[in-house]
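Asker: Quick one: the structure is below, and I'll ask about it shortly.
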Amino acid sequence: MPPFDEPAMTFGDRALSPQKEVVRKFYKDMWDHADLSLIPEIFHPDFTFRGSLGPTLVGHEQFAGYVRWVTQALGNYTSDILEMMEEGNRVSGKLRFHGTHRDTMFGHAATGRHVWWYGAPIFHFDGPRVRDLWVLGDVHGLIRQLTGEQTDGSEYQQ
């Protein structure tokens, strides 16, 4: 596993607001264990989702398919929550997603490499459940890892 320069948040002794607790449950209980049974508890039935890897989906079934795709392609899939911020009915954050590339993803056959990307979610709550989730993700950084392409950013000149 690559050395990550930013530690994930820990939650053992941390009191979270009800909305932040839903976000923690979404990543640490639902995603990290691919526990699809938690979807109806977290989301309204017709919620909208724009994922960190690009798709725009509506509802529990479409979202469950996305979770299956990601967790099948990436073994030991883990979501590291790095930061969470809350304002009104919104929670946003900074995350690192990672796992072992074990199945085809974006047209690239399994490499066995540990890959990762960063994401920035914005959760919109309607009551205790999420109505909309929009996540911006570093898809290009992930694809570079899947292809083994190295980049040093030299095309950027100050």
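Every chain in the structure tokens takes a letter, A first, then B, and so on in the order presented; its residues are numbered from 1, and the ligands are numbered from 1 following the presented order.
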Running DSSP on the backbone, which parts of stretch 29-113 of chain A land in strand (DSSP E or B), as JSON, numbers by chain?

Answerer: {"A": [43, 44, 45, 46, 47, 48, 49, 50, 56, 57, 58, 74, 75, 76, 77, 78, 79, 80, 81, 82, 83, 84, 85, 86, 87, 90, 91, 92, 93, 94, 95, 96, 97, 98, 99, 100, 101, 105, 108]}

Asker: If you count only C-alpha atoms, which residues fall within 7 Å of A:His60, apart from same-chain ones fewer than 2 positions away, as a list in words?

Answerer: Ile39, Pro45, Gln62, Phe63 and Ala64 of chain A

Asker: Can you write out as a Markdown table which residues of stretch 9-68 of chain A fall within 10 Å of stretch 89-103 of chain A, alongside each residue's closest atom pair and its distance in Å to one decimal, counting only C-alpha atoms and ordering rows by chain and ascending residue number?

Answerer:
```
| residue | atom | partner | partner_atom | distance |
| --- | --- | --- | --- | --- |
| A:Met9 | CA | A:Leu95 | CA | 9.8 |
| A:Gln19 | CA | A:Val91 | CA | 7.1 |
| A:Lys20 | CA | A:Val91 | CA | 6.8 |
| A:Val22 | CA | A:Val91 | CA | 9.7 |
| A:Val23 | CA | A:Val91 | CA | 7.8 |
| A:Tyr27 | CA | A:Leu95 | CA | 9.5 |
| A:Trp31 | CA | A:Phe97 | CA | 10.0 |
| A:Asp32 | CA | A:Phe97 | CA | 9.7 |
| A:Ser52 | CA | A:Phe97 | CA | 9.5 |
```

Asker: Selected residues, C-alpha atoms, written as a PDB file, in the first residue's frame, please.

Answerer:
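And here's out-v4.pdb as it stands now:
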```
ATOM      1  CA  MET A   9     -10.360  10.285  10.699  1.00  0.00           C
ATOM      2  CA  GLN A  19     -26.095  13.951   9.616  1.00  0.00           C
ATOM      3  CA  LYS A  20     -22.352  13.338   9.984  1.00  0.00           C
ATOM      4  CA  VAL A  22     -25.141   9.041   8.396  1.00  0.00           C
ATOM      5  CA  VAL A  23     -22.109   9.999   6.274  1.00  0.00           C
ATOM      6  CA  TYR A  27     -18.663   5.094   4.010  1.00  0.00           C
ATOM      7  CA  TRP A  31     -19.141   0.965   1.383  1.00  0.00           C
ATOM      8  CA  ASP A  32     -16.279  -0.661   3.317  1.00  0.00           C
ATOM      9  CA  SER A  52     -16.849   9.873  -7.905  1.00  0.00           C
TER      10      SER A  52
END
```

Asker: For each of A:Leu16, A:Leu53, A:Val67, A:Val139, take the minimum atom-to-atom distance to A:Leu38, counting only C-alpha atoms, then give the residue where this is smallest.

Answerer: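 Checking each of A:Leu16, A:Leu53, A:Val67, A:Val139 against A:Leu38, counting only C-alpha atoms, the winner is A:Val67.
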
Asker: Step one, run DSSP on the backbone; step two, keep only residues of chain A assigned to alpha helix (DSSP H); then write them as a PyMOL selection string.

Answerer: chain A and resi 18-24+39-42+59-73+139-147

Asker: Which residue out of A:His140, A:Arg131, A:Gly75, A:Gln145 has the minimum interatomic distance to A:Val58 when only C-alpha atoms are used?

Answerer: A:Arg131

Asker: Determine the nearest neighbour of A:Ala73 from the options A:Pro40, A:Pro7, A:Gly107, A:Pro55, counting only C-alpha atoms.

Answerer: A:Gly107
